Amino acid sequence: MAPAGPPAIEMLGIVKRFPGVVANDGITFVVEPGEIHALLGENGAGKSTLMNVLFGLYHPDEGEIRVAGRPVRFHGPRDAVDAGLGMVHQHFMLIPRFTVAENVVLGSEGTGVRLDRAAAARRVGELAERYGLRVDPTATVGDLPVGVQQRVEILRALYQGGRTLILDEPTALLTPQEVEDLYAILNRLREGGSTIVFITHKLREVAAVSDRVTVIRRGRTIGTRQTSETTADELAELMVGREVNLRVERPPATPGEPVLTAEGLEVTGTRGEAALRGLSLAVRRGEIVGICGVEGNGQAELVETIAGLRRPERGRVTLAGREVTGQNPEAIRQVGLAYIPEDRHGRGLVLPFSLTENVLLGNVDHPPFSHGGRIDYPATAALTERLMAAFDVRAPSAATPAAALSGGNQQKLICARELHREPELVLAVQPTRGLDVGAIEFVHKQLVAERDKGRGVLLVSFDLDEILDLSDRILVIFGGRIVGEFASGGVSRTELGLLMGGKDKTGETGEGVGVDEHVRVA
Amino acid sequence: MDAIVGFFSVALLTATLRSAAPLVFAAMGGLLSERSGVTNIALEGLMLLGAFAAAAGAWFTGNALLGLLVGVLAGMLGAVVFGLWAIGLRADQIVAGTAINLLGLGLTAFLVQRIWNQAGGSPSVARLPSFEVGGSTLNVLVPLAFLAVPVVHWVLFKTTGGLRLMAAGESPRAAESVGIDVPRYRYAAVLASGLLAGLGGAYLSIGDLSQFTTNMTAGRGFIALAAVIFGNWTPLGTLGAALLFGFAQALRFQVQALNWPIPQDLLIALPYLVTLLAVTGLVRNSQPPAGLGKHATSD
């Protein structure tokens, strides 16, 4: 991989300050032409800021940018695109109601007032063919699976003349199979002469796809390595700044009787579709059950049904031996549900409220929080401070608004509120999304600790690694049903990936019924 | 039997076209604006400004065509003010639209008083030419209104500008990421909606009548917006909805003419009832532009 000519991208000594924060503190990042270069860093390390600087969305306070050897000063994404850079966004910048071809040509339709859709579709089809990106140019983007939508983004970057593609956390929403497809596409693109920057916080992906890797931490470049000459442990240490234990300490589970059961749940989704189609599952005391699946296969509806936020058409839910089907969230919490929701900001917290007020949420009608309808603020504040100490919530005081906390500290506050009530079942949905490694470790330890206290833990996550690391038992959800069940360590990523994509080795459609048989036997 | 045959007459058809035409103008404007991502409840105020200015223009010049020009310009001027607030200053689009509506109502009533020194409306002014169809007269703006529909359809779906305008309305962020100047397309769409609403207003004062009366739009701007929603944000669907609402208005005159024993109040309320029913009952499956009301991110 000898460099042919000047580097594709040189970002030298980039400094970008925001009020109170230095997001990029002298970052140097050099990408050679024709390589796949991973940019590794934790959430908040400054990766996004750096890319926004590269694409002209932010102007750097200091530093120099060169593209193919030439100094550049971009005033917006269009300038970067014109210089041959292409961005594949983490949250796709696609218009669901437009066709593939419309999305690809948008902004680069060519001259003339008239839009020739047929010609556009033809050009896009030819381009897709050339790079082996299977996609129908006339399909509506909103109807396509996430992995194919990502191909549309790649295709657009190529169509716009991108020679250097930047992929921002490109695997975040993909199934394992789609990830493999993506790796293959990237390798083909590299063989075709493209340069690729692969932004990630996942070590596995660095090893799987990159030639070189640059690690950044707290806005500074920590180092660049040949991927073949480094190890996951070294990279983890560079990324976090201390030695990290990548594996979750998890002694074998000793499950007891079921604490949560769901039987034959049929639930209608927000758009009137059948979201759960006869789903059954059971969680026993003292075990962590992980539900893995591609987003949109009924996870949200399952969680909402258990939490009492959605009423099932059919089926029943029991918690700690009591039927709670269709009861309101407050009643279910009283029976013993702790709910760590996916959306910290929407459902977990009221951001402008203080930490004390946030601890009150869901507890306000009960001692010691209130007596006879009067809120006991001193007692709540004292409890909040104890919880902050116990759960390592770093904030100036209990009166600080929740909005002022980092994501990790917000999540710790939610854990503190939910877990201090000694629940029967912990329902944790994407509990570590967007957190740094330290906070992830903390949350994972809490979940294992709850399990070891004999509580049931139901973990719903789109992060397969999290599921594999934490679960004693893994359930695969697809199309509103549980289509597979495995003991911890009894299944490969590939096998899970196939089931998550709706494919069964036997060619049979998985049925929820029967899957939890051995739970009942146990 | 004769009564029923007599009921569905050419007169009813032309009355429907006459009632629908101003709705079609305003609705086409609303459609463009909404498709670009700007909720345009200012249509009512823009129509009223257009109606007043057209009458005033016709009165001062004695020429209805010049009046029409003044009416259109007034609609566009109102749209510029609305656009500066709702796009340029990133105000809430509903609040900005409400302000324009209140401005339209208050300013026109005030100017009526100042110019003609009387309340309630203008004196009789010059009127746009009209032609005869099957015994009924239609003014020259009627065919123009229906011509606007294919034109808007063509602009939206057959031009690159239309694709970009719809992109701005579906996802301003995605549009910006490919270098589209979202505010520019939104200003253009809002300006076009001012032009079209101005035509709709002028239609009322110097096309259908030859006089401006206070609040003569009587909610037609809102009904036009309802037609956009009921028409699922497509030009042809919107045309259909505008014709339906126009028909509901035309029914009133027809029933009155035939002396049917239906309460007058109910007939007056009918267009509004139909609008309400259409918007509440039948729009469950409609799909508004995904970026409606969302501001562009660039500063």
# chains A, B, ... in the order shown; residues from 1 in each chain; ligands from 1
$ interface_residues --of "chain A" --to "chain B" --cutoff "7 Å" --atoms "only C-alpha atoms" --output "ChimeraX atom specification"
/A:77-78,93-95,106-107,109,113-115
$ write_last_selection --atoms "N, CA and C atoms" --output "mmCIF file, in the first residue's frame"
data_model
loop_
_atom_site.group_PDB
_atom_site.id
_atom_site.type_symbol
_atom_site.label_atom_id
_atom_site.label_comp_id
_atom_site.auth_asym_id
_atom_site.auth_seq_id
_atom_site.Cartn_x
_atom_site.Cartn_y
_atom_site.Cartn_z
ATOM 1 N N PRO A 77 -20.848 21.969 3.035
ATOM 2 C CA PRO A 77 -20.688 20.619 2.512
ATOM 3 C C PRO A 77 -20.482 20.585 0.995
ATOM 4 N N ARG A 78 -21.143 21.533 0.317
ATOM 5 C CA ARG A 78 -21.056 21.519 -1.150
ATOM 6 C C ARG A 78 -19.611 21.717 -1.612
ATOM 7 N N MET A 93 -28.831 10.903 5.339
ATOM 8 C CA MET A 93 -29.386 12.152 4.816
ATOM 9 C C MET A 93 -30.167 11.812 3.555
ATOM 10 N N LEU A 94 -31.151 10.964 3.712
ATOM 11 C CA LEU A 94 -31.947 10.547 2.564
ATOM 12 C C LEU A 94 -33.387 10.982 2.784
ATOM 13 N N ILE A 95 -34.113 11.106 1.691
ATOM 14 C CA ILE A 95 -35.509 11.492 1.780
ATOM 15 C C ILE A 95 -36.346 10.258 1.501
ATOM 16 N N LEU A 106 -30.202 14.325 -6.381
ATOM 17 C CA LEU A 106 -30.623 15.574 -5.734
ATOM 18 C C LEU A 106 -29.417 16.479 -5.480
ATOM 19 N N GLY A 107 -29.541 17.708 -5.940
ATOM 20 C CA GLY A 107 -28.447 18.662 -5.764
ATOM 21 C C GLY A 107 -27.414 18.599 -6.866
ATOM 22 N N GLU A 109 -28.422 17.536 -10.237
ATOM 23 C CA GLU A 109 -29.322 17.026 -11.276
ATOM 24 C C GLU A 109 -28.815 17.301 -12.680
ATOM 25 N N VAL A 113 -33.877 22.985 -16.749
ATOM 26 C CA VAL A 113 -34.975 23.095 -15.797
ATOM 27 C C VAL A 113 -35.659 21.754 -15.619
ATOM 28 N N ARG A 114 -35.758 21.011 -16.730
ATOM 29 C CA ARG A 114 -36.502 19.760 -16.680
ATOM 30 C C ARG A 114 -35.718 18.682 -15.968
ATOM 31 N N LEU A 115 -36.435 17.877 -15.232
ATOM 32 C CA LEU A 115 -35.834 16.746 -14.539
ATOM 33 C C LEU A 115 -36.166 15.486 -15.332
#
$ residues_around --residues "Asp79 of chain A" --least-positions-apart "3" --cutoff "12 Å" --atoms "only C-alpha atoms" --output "PyMOL selection string"
(chain A and resi 54-57+67+72-76+82-86+160+162) or (chain B and resi 177-180)
$ write_last_selection --atoms "N, CA and C atoms" --output "tab-separated table (two decimals), in the first residue's frame"
chain	number	residue	atom	x	y	z
A	54	LEU	N	-14.02	19.31	8.65
A	54	LEU	CA	-13.58	18.89	7.32
A	54	LEU	C	-14.60	19.26	6.25
A	55	PHE	N	-15.89	19.15	6.60
A	55	PHE	CA	-16.93	19.41	5.60
A	55	PHE	C	-17.40	20.86	5.58
A	56	GLY	N	-16.69	21.71	6.30
A	56	GLY	CA	-16.99	23.13	6.21
A	56	GLY	C	-18.20	23.57	7.00
A	57	LEU	N	-18.74	22.68	7.85
A	57	LEU	CA	-19.87	23.08	8.69
A	57	LEU	C	-19.39	23.93	9.85
A	67	VAL	N	-6.53	18.89	0.86
A	67	VAL	CA	-7.14	17.76	0.18
A	67	VAL	C	-6.31	17.50	-1.08
A	72	VAL	N	-7.25	23.87	1.47
A	72	VAL	CA	-8.64	24.20	1.15
A	72	VAL	C	-9.26	24.94	2.32
A	73	ARG	N	-10.30	25.68	1.99
A	73	ARG	CA	-11.08	26.34	3.03
A	73	ARG	C	-12.54	26.24	2.59
A	74	PHE	N	-13.24	25.28	3.17
A	74	PHE	CA	-14.62	25.01	2.75
A	74	PHE	C	-15.60	25.88	3.51
A	75	HIS	N	-16.66	26.28	2.81
A	75	HIS	CA	-17.69	27.09	3.46
A	75	HIS	C	-18.98	26.31	3.64
A	76	GLY	N	-18.94	25.05	3.29
A	76	GLY	CA	-20.14	24.24	3.46
A	76	GLY	C	-19.92	22.89	2.80
A	82	ASP	N	-17.47	19.16	-3.84
A	82	ASP	CA	-16.83	19.57	-5.09
A	82	ASP	C	-15.33	19.25	-5.08
A	83	ALA	N	-14.74	19.16	-3.88
A	83	ALA	CA	-13.32	18.83	-3.79
A	83	ALA	C	-13.09	17.32	-3.79
A	84	GLY	N	-14.18	16.54	-3.93
A	84	GLY	CA	-14.00	15.10	-4.06
A	84	GLY	C	-14.19	14.33	-2.77
A	85	LEU	N	-14.78	14.98	-1.75
A	85	LEU	CA	-15.08	14.26	-0.51
A	85	LEU	C	-16.54	13.84	-0.51
A	86	GLY	N	-16.80	12.68	0.03
A	86	GLY	CA	-18.18	12.22	0.10
A	86	GLY	C	-18.47	11.72	1.50
A	160	GLN	N	-21.63	11.98	-6.85
A	160	GLN	CA	-21.21	13.38	-6.75
A	160	GLN	C	-19.72	13.54	-7.03
A	162	GLY	N	-17.25	11.72	-5.47
A	162	GLY	CA	-16.41	11.50	-4.30
A	162	GLY	C	-15.32	10.47	-4.55
B	177	SER	N	-27.43	19.01	3.05
B	177	SER	CA	-26.22	18.19	2.97
B	177	SER	C	-25.78	17.99	1.54
B	178	VAL	N	-26.67	18.18	0.58
B	178	VAL	CA	-26.25	18.11	-0.82
B	178	VAL	C	-26.16	19.50	-1.43
B	179	GLY	N	-26.08	20.51	-0.58
B	179	GLY	CA	-25.78	21.86	-1.05
B	179	GLY	C	-26.97	22.67	-1.51
B	180	ILE	N	-28.18	22.22	-1.19
B	180	ILE	CA	-29.36	22.99	-1.59
B	180	ILE	C	-29.57	24.13	-0.60
$ residues_around --residues "Leu182 of chain A" --least-positions-apart "3" --cutoff "9 Å" --atoms "only C-alpha atoms" --output "mmCIF file with N, CA and C atoms, in the first residue's frame"
data_model
loop_
_atom_site.group_PDB
_atom_site.id
_atom_site.type_symbol
_atom_site.label_atom_id
_atom_site.label_comp_id
_atom_site.auth_asym_id
_atom_site.auth_seq_id
_atom_site.Cartn_x
_atom_site.Cartn_y
_atom_site.Cartn_z
ATOM 1 N N GLY A 147 -29.674 -1.437 5.399
ATOM 2 C CA GLY A 147 -28.401 -1.707 4.721
ATOM 3 C C GLY A 147 -28.411 -1.207 3.283
ATOM 4 N N GLN A 150 -28.136 2.524 3.117
ATOM 5 C CA GLN A 150 -26.754 2.967 3.252
ATOM 6 C C GLN A 150 -26.030 2.906 1.900
ATOM 7 N N ARG A 151 -26.346 1.858 1.119
ATOM 8 C CA ARG A 151 -25.753 1.778 -0.219
ATOM 9 C C ARG A 151 -26.146 2.986 -1.054
ATOM 10 N N PRO A 170 -20.762 3.695 10.439
ATOM 11 C CA PRO A 170 -21.653 3.132 9.419
ATOM 12 C C PRO A 170 -22.335 1.829 9.827
ATOM 13 N N THR A 171 -21.881 1.188 10.875
ATOM 14 C CA THR A 171 -22.487 -0.104 11.210
ATOM 15 C C THR A 171 -23.545 0.017 12.295
ATOM 16 N N GLN A 177 -25.050 -9.383 8.996
ATOM 17 C CA GLN A 177 -24.873 -9.709 7.572
ATOM 18 C C GLN A 177 -24.662 -8.440 6.752
ATOM 19 N N GLU A 178 -25.428 -7.421 7.089
ATOM 20 C CA GLU A 178 -25.271 -6.169 6.354
ATOM 21 C C GLU A 178 -23.894 -5.571 6.607
ATOM 22 N N VAL A 179 -23.365 -5.782 7.811
ATOM 23 C CA VAL A 179 -22.021 -5.304 8.116
ATOM 24 C C VAL A 179 -21.005 -6.017 7.220
ATOM 25 N N ILE A 185 -18.144 -4.232 0.264
ATOM 26 C CA ILE A 185 -18.294 -3.057 -0.605
ATOM 27 C C ILE A 185 -17.102 -2.123 -0.438
ATOM 28 N N LEU A 186 -16.702 -1.905 0.801
ATOM 29 C CA LEU A 186 -15.583 -0.995 1.058
ATOM 30 C C LEU A 186 -14.299 -1.524 0.428
ATOM 31 N N ASN A 187 -14.090 -2.825 0.539
ATOM 32 C CA ASN A 187 -12.886 -3.397 -0.079
ATOM 33 C C ASN A 187 -12.912 -3.237 -1.590
#
$ closest_atom_pairs --of "segment 5-51 of chain B" --to "segment 62-86 of chain B" --cutoff "8 Å" --atoms "only C-alpha atoms" --output "tab-separated table"
residue	atom	partner	partner_atom	distance
B:Val38	CA	B:Ala86	CA	7.8
B:Ala42	CA	B:Phe82	CA	7.5
B:Leu46	CA	B:Gly75	CA	5.0
B:Met47	CA	B:Gly75	CA	6.6
B:Leu49	CA	B:Gly75	CA	5.9
B:Gly50	CA	B:Gly71	CA	4.2
B:Ala51	CA	B:Gly71	CA	6.2
$ closest_residue --among "B:Thr14, B:Ser286, B:Asn259, B:Thr234" --to "Val133 of chain B" --atoms "only C-alpha atoms"
B:Thr14
$ atom_distance --atom1 "atom CA of Leu13 of chain B" --atom2 "atom CA of Val149 of chain B"
18.6 Å
$ atom_distance --atom1 "atom CA of Arg117 of chain A" --atom2 "atom CA of Ala139 of chain A"
12.5 Å
$ select_by_dssp --residues "segment 293-331 of chain A" --states "strand (DSSP E)" --output "list in words"
Arg314, Gly315, Arg316, Val317, Thr318, Leu319, Arg322 and Glu323 of chain A
$ closest_atom_pairs --of "segment 24-101 of chain B" --to "segment 218-224 of chain B" --cutoff "8 Å" --atoms "only C-alpha atoms" --output "JSON lines"
{"residue": "B:Val24", "atom": "CA", "partner": "B:Ala224", "partner_atom": "CA", "distance": 7.0}
{"residue": "B:Ala26", "atom": "CA", "partner": "B:Ala224", "partner_atom": "CA", "distance": 5.8}
{"residue": "B:Ala27", "atom": "CA", "partner": "B:Ala224", "partner_atom": "CA", "distance": 4.5}
{"residue": "B:Gly30", "atom": "CA", "partner": "B:Ala224", "partner_atom": "CA", "distance": 7.4}
{"residue": "B:Ile41", "atom": "CA", "partner": "B:Phe222", "partner_atom": "CA", "distance": 6.7}
{"residue": "B:Ala42", "atom": "CA", "partner": "B:Gly221", "partner_atom": "CA", "distance": 7.7}
{"residue": "B:Leu43", "atom": "CA", "partner": "B:Gly221", "partner_atom": "CA", "distance": 4.8}
{"residue": "B:Glu44", "atom": "CA", "partner": "B:Gly221", "partner_atom": "CA", "distance": 3.7}
{"residue": "B:Gly45", "atom": "CA", "partner": "B:Gly221", "partner_atom": "CA", "distance": 7.5}
{"residue": "B:Met47", "atom": "CA", "partner": "B:Gly221", "partner_atom": "CA", "distance": 6.7}
$ residues_around --residues "Thr356 of chain A" --least-positions-apart "4" --cutoff "12 Å" --atoms "only C-alpha atoms" --output "PDB file with N, CA and C atoms, in the first residue's frame"
ATOM      1  N   LEU A 349     -35.861  11.322  31.444  1.00  0.00           N
ATOM      2  CA  LEU A 349     -35.645  12.503  32.267  1.00  0.00           C
ATOM      3  C   LEU A 349     -36.488  13.656  31.762  1.00  0.00           C
ATOM      4  N   VAL A 350     -36.730  14.604  32.646  1.00  0.00           N
ATOM      5  CA  VAL A 350     -37.227  15.908  32.201  1.00  0.00           C
ATOM      6  C   VAL A 350     -36.022  16.835  32.292  1.00  0.00           C
ATOM      7  N   LEU A 351     -35.441  17.145  31.165  1.00  0.00           N
ATOM      8  CA  LEU A 351     -34.128  17.782  31.157  1.00  0.00           C
ATOM      9  C   LEU A 351     -34.039  19.102  31.929  1.00  0.00           C
ATOM     10  N   PRO A 352     -35.033  19.993  31.841  1.00  0.00           N
ATOM     11  CA  PRO A 352     -34.886  21.246  32.581  1.00  0.00           C
ATOM     12  C   PRO A 352     -35.071  21.066  34.098  1.00  0.00           C
ATOM     13  N   LEU A 360     -37.766  12.390  41.724  1.00  0.00           N
ATOM     14  CA  LEU A 360     -39.172  12.352  42.138  1.00  0.00           C
ATOM     15  C   LEU A 360     -40.062  11.665  41.105  1.00  0.00           C
ATOM     16  N   LEU A 361     -39.699  11.756  39.847  1.00  0.00           N
ATOM     17  CA  LEU A 361     -40.562  11.245  38.782  1.00  0.00           C
ATOM     18  C   LEU A 361     -40.867   9.774  39.024  1.00  0.00           C
ATOM     19  N   ASN A 363     -42.105   8.486  41.536  1.00  0.00           N
ATOM     20  CA  ASN A 363     -42.104   8.148  42.956  1.00  0.00           C
ATOM     21  C   ASN A 363     -42.928   9.115  43.769  1.00  0.00           C
ATOM     22  N   VAL A 364     -43.456  10.122  43.114  1.00  0.00           N
ATOM     23  CA  VAL A 364     -43.929  11.311  43.820  1.00  0.00           C
ATOM     24  C   VAL A 364     -45.088  11.028  44.783  1.00  0.00           C
ATOM     25  N   PHE A 369     -41.015  10.319  49.576  1.00  0.00           N
ATOM     26  CA  PHE A 369     -40.997  11.473  48.676  1.00  0.00           C
ATOM     27  C   PHE A 369     -42.104  12.468  48.978  1.00  0.00           C
ATOM     28  N   ILE A 375     -45.141  17.292  48.773  1.00  0.00           N
ATOM     29  CA  ILE A 375     -43.823  16.755  48.445  1.00  0.00           C
ATOM     30  C   ILE A 375     -42.827  17.116  49.539  1.00  0.00           C
ATOM     31  N   ASP A 376     -42.073  16.131  49.961  1.00  0.00           N
ATOM     32  CA  ASP A 376     -41.049  16.364  50.980  1.00  0.00           C
ATOM     33  C   ASP A 376     -39.721  16.628  50.276  1.00  0.00           C
ATOM     34  N   TYR A 377     -39.502  17.874  49.891  1.00  0.00           N
ATOM     35  CA  TYR A 377     -38.299  18.204  49.129  1.00  0.00           C
ATOM     36  C   TYR A 377     -37.002  17.943  49.903  1.00  0.00           C
ATOM     37  N   PRO A 378     -36.940  18.334  51.187  1.00  0.00           N
ATOM     38  CA  PRO A 378     -35.678  18.059  51.895  1.00  0.00           C
ATOM     39  C   PRO A 378     -35.323  16.568  51.890  1.00  0.00           C
ATOM     40  N   ALA A 379     -36.326  15.720  52.160  1.00  0.00           N
ATOM     41  CA  ALA A 379     -36.039  14.279  52.195  1.00  0.00           C
ATOM     42  C   ALA A 379     -35.620  13.786  50.814  1.00  0.00           C
ATOM     43  N   THR A 380     -36.316  14.272  49.768  1.00  0.00           N
ATOM     44  CA  THR A 380     -35.981  13.839  48.415  1.00  0.00           C
ATOM     45  C   THR A 380     -34.584  14.305  48.027  1.00  0.00           C
ATOM     46  N   ALA A 381     -34.267  15.538  48.384  1.00  0.00           N
ATOM     47  CA  ALA A 381     -32.949  16.058  48.051  1.00  0.00           C
ATOM     48  C   ALA A 381     -31.864  15.256  48.764  1.00  0.00           C
ATOM     49  N   ALA A 382     -32.124  14.925  50.016  1.00  0.00           N
ATOM     50  CA  ALA A 382     -31.142  14.135  50.761  1.00  0.00           C
ATOM     51  C   ALA A 382     -30.960  12.763  50.108  1.00  0.00           C
ATOM     52  N   LEU A 383     -32.077  12.148  49.727  1.00  0.00           N
ATOM     53  CA  LEU A 383     -31.996  10.849  49.061  1.00  0.00           C
ATOM     54  C   LEU A 383     -31.249  10.980  47.737  1.00  0.00           C
ATOM     55  N   THR A 384     -31.556  12.037  46.990  1.00  0.00           N
ATOM     56  CA  THR A 384     -30.888  12.244  45.706  1.00  0.00           C
ATOM     57  C   THR A 384     -29.376  12.326  45.906  1.00  0.00           C
ATOM     58  N   GLU A 385     -28.970  13.035  46.950  1.00  0.00           N
ATOM     59  CA  GLU A 385     -27.529  13.150  47.177  1.00  0.00           C
ATOM     60  C   GLU A 385     -26.912  11.816  47.542  1.00  0.00           C
ATOM     61  N   ARG A 386     -27.630  11.020  48.296  1.00  0.00           N
ATOM     62  CA  ARG A 386     -27.115   9.682  48.615  1.00  0.00           C
ATOM     63  C   ARG A 386     -27.003   8.841  47.335  1.00  0.00           C
ATOM     64  N   LEU A 387     -28.042   8.945  46.503  1.00  0.00           N
ATOM     65  CA  LEU A 387     -28.020   8.169  45.256  1.00  0.00           C
ATOM     66  C   LEU A 387     -26.885   8.630  44.346  1.00  0.00           C
ATOM     67  N   MET A 388     -26.666   9.953  44.300  1.00  0.00           N
ATOM     68  CA  MET A 388     -25.587  10.472  43.456  1.00  0.00           C
ATOM     69  C   MET A 388     -24.246   9.905  43.906  1.00  0.00           C
ATOM     70  N   ALA A 395     -22.173  15.684  39.397  1.00  0.00           N
ATOM     71  CA  ALA A 395     -22.868  16.946  39.150  1.00  0.00           C
ATOM     72  C   ALA A 395     -22.580  17.858  40.321  1.00  0.00           C
ATOM     73  N   SER A 397     -24.524  19.693  42.140  1.00  0.00           N
ATOM     74  CA  SER A 397     -25.412  19.485  43.277  1.00  0.00           C
ATOM     75  C   SER A 397     -26.691  18.830  42.794  1.00  0.00           C
ATOM     76  N   ALA A 398     -27.520  18.463  43.759  1.00  0.00           N
ATOM     77  CA  ALA A 398     -28.804  17.839  43.413  1.00  0.00           C
ATOM     78  C   ALA A 398     -29.756  18.833  42.779  1.00  0.00           C
ATOM     79  N   ALA A 399     -29.414  20.119  42.872  1.00  0.00           N
ATOM     80  CA  ALA A 399     -30.283  21.143  42.290  1.00  0.00           C
ATOM     81  C   ALA A 399     -29.903  21.456  40.840  1.00  0.00           C
ATOM     82  N   THR A 400     -28.845  20.825  40.338  1.00  0.00           N
ATOM     83  CA  THR A 400     -28.413  21.045  38.961  1.00  0.00           C
ATOM     84  C   THR A 400     -29.473  20.508  37.992  1.00  0.00           C
ATOM     85  N   PRO A 401     -29.779  21.239  36.917  1.00  0.00           N
ATOM     86  CA  PRO A 401     -30.711  20.660  35.942  1.00  0.00           C
ATOM     87  C   PRO A 401     -30.099  19.449  35.246  1.00  0.00           C
ATOM     88  N   ALA A 402     -30.942  18.457  34.948  1.00  0.00           N
ATOM     89  CA  ALA A 402     -30.454  17.228  34.330  1.00  0.00           C
ATOM     90  C   ALA A 402     -29.798  17.514  32.988  1.00  0.00           C
ATOM     91  N   LEU A 413     -28.026   8.541  36.662  1.00  0.00           N
ATOM     92  CA  LEU A 413     -29.117   9.070  37.485  1.00  0.00           C
ATOM     93  C   LEU A 413     -30.385   8.242  37.288  1.00  0.00           C
ATOM     94  N   ILE A 414     -30.655   7.891  36.036  1.00  0.00           N
ATOM     95  CA  ILE A 414     -31.833   7.055  35.764  1.00  0.00           C
ATOM     96  C   ILE A 414     -31.688   5.706  36.456  1.00  0.00           C
ATOM     97  N   ALA A 416     -29.998   5.050  39.077  1.00  0.00           N
ATOM     98  CA  ALA A 416     -30.134   5.259  40.515  1.00  0.00           C
ATOM     99  C   ALA A 416     -31.607   5.332  40.900  1.00  0.00           C
ATOM    100  N   ARG A 417     -32.382   6.124  40.148  1.00  0.00           N
ATOM    101  CA  ARG A 417     -33.799   6.273  40.459  1.00  0.00           C
ATOM    102  C   ARG A 417     -34.540   4.948  40.342  1.00  0.00           C
TER     103      ARG A 417
END
$ residues_around --residues "segment 17-27 of chain A" --least-positions-apart "4" --cutoff "9 Å" --atoms "only C-alpha atoms" --output "list of chain:residue names"
A:Met11, A:Leu12, A:Gly13, A:Gly44, A:Ala45, A:Gly46, A:Lys47, A:Thr49, A:Leu50, A:Pro60, A:Asp61, A:Glu62, A:Gly63, A:Ile216, A:Arg218, A:Gly219, A:Arg220, A:Thr221, A:Ile222
$ write_last_selection --atoms "N, CA and C atoms" --output "JSON list (two decimals), in the first residue's frame"
[["chain", "number", "residue", "atom", "x", "y", "z"],
["A", 11, "MET", "N", -5.33, 16.89, 7.80],
["A", 11, "MET", "CA", -5.86, 17.86, 8.76],
["A", 11, "MET", "C", -4.76, 18.05, 9.79],
["A", 12, "LEU", "N", -4.21, 19.27, 9.82],
["A", 12, "LEU", "CA", -3.01, 19.51, 10.61],
["A", 12, "LEU", "C", -3.29, 20.50, 11.73],
["A", 13, "GLY", "N", -3.11, 20.04, 12.94],
["A", 13, "GLY", "CA", -3.24, 20.92, 14.11],
["A", 13, "GLY", "C", -4.58, 21.58, 14.23],
["A", 44, "GLY", "N", -17.91, 11.65, 22.05],
["A", 44, "GLY", "CA", -17.45, 12.86, 22.71],
["A", 44, "GLY", "C", -15.96, 13.11, 22.59],
["A", 45, "ALA", "N", -15.26, 12.24, 21.86],
["A", 45, "ALA", "CA", -13.81, 12.43, 21.73],
["A", 45, "ALA", "C", -13.47, 13.55, 20.75],
["A", 46, "GLY", "N", -14.42, 13.90, 19.90],
["A", 46, "GLY", "CA", -14.19, 14.97, 18.95],
["A", 46, "GLY", "C", -14.24, 14.53, 17.50],
["A", 47, "LYS", "N", -14.70, 13.28, 17.26],
["A", 47, "LYS", "CA", -14.73, 12.79, 15.87],
["A", 47, "LYS", "C", -15.70, 13.58, 15.02],
["A", 49, "THR", "N", -16.97, 16.56, 15.50],
["A", 49, "THR", "CA", -16.51, 17.94, 15.30],
["A", 49, "THR", "C", -15.47, 17.98, 14.20],
["A", 50, "LEU", "N", -14.53, 17.03, 14.25],
["A", 50, "LEU", "CA", -13.46, 17.01, 13.25],
["A", 50, "LEU", "C", -14.04, 16.87, 11.84],
["A", 60, "PRO", "N", -12.47, 25.93, 11.55],
["A", 60, "PRO", "CA", -11.51, 25.67, 12.62],
["A", 60, "PRO", "C", -10.94, 26.99, 13.14],
["A", 61, "ASP", "N", -10.66, 27.03, 14.44],
["A", 61, "ASP", "CA", -10.04, 28.22, 15.01],
["A", 61, "ASP", "C", -8.56, 28.26, 14.66],
["A", 62, "GLU", "N", -7.97, 27.08, 14.55],
["A", 62, "GLU", "CA", -6.57, 26.99, 14.12],
["A", 62, "GLU", "C", -6.44, 25.75, 13.28],
["A", 63, "GLY", "N", -5.30, 25.70, 12.53],
["A", 63, "GLY", "CA", -5.01, 24.48, 11.79],
["A", 63, "GLY", "C", -5.23, 24.63, 10.31],
["A", 216, "ILE", "N", -8.28, 9.09, 18.57],
["A", 216, "ILE", "CA", -8.36, 10.40, 19.22],
["A", 216, "ILE", "C", -9.10, 10.27, 20.55],
["A", 218, "ARG", "N", -10.45, 12.92, 23.85],
["A", 218, "ARG", "CA", -10.63, 14.27, 24.41],
["A", 218, "ARG", "C", -10.07, 15.36, 23.51],
["A", 219, "GLY", "N", -10.36, 15.23, 22.23],
["A", 219, "GLY", "CA", -9.98, 16.29, 21.30],
["A", 219, "GLY", "C", -8.53, 16.27, 20.85],
["A", 220, "ARG", "N", -7.76, 15.25, 21.23],
["A", 220, "ARG", "CA", -6.37, 15.20, 20.81],
["A", 220, "ARG", "C", -6.09, 13.90, 20.06],
["A", 221, "THR", "N", -5.12, 13.98, 19.13],
["A", 221, "THR", "CA", -4.68, 12.77, 18.46],
["A", 221, "THR", "C", -3.78, 12.00, 19.41],
["A", 222, "ILE", "N", -4.09, 10.75, 19.64],
["A", 222, "ILE", "CA", -3.27, 9.93, 20.53],
["A", 222, "ILE", "C", -2.23, 9.16, 19.74]]
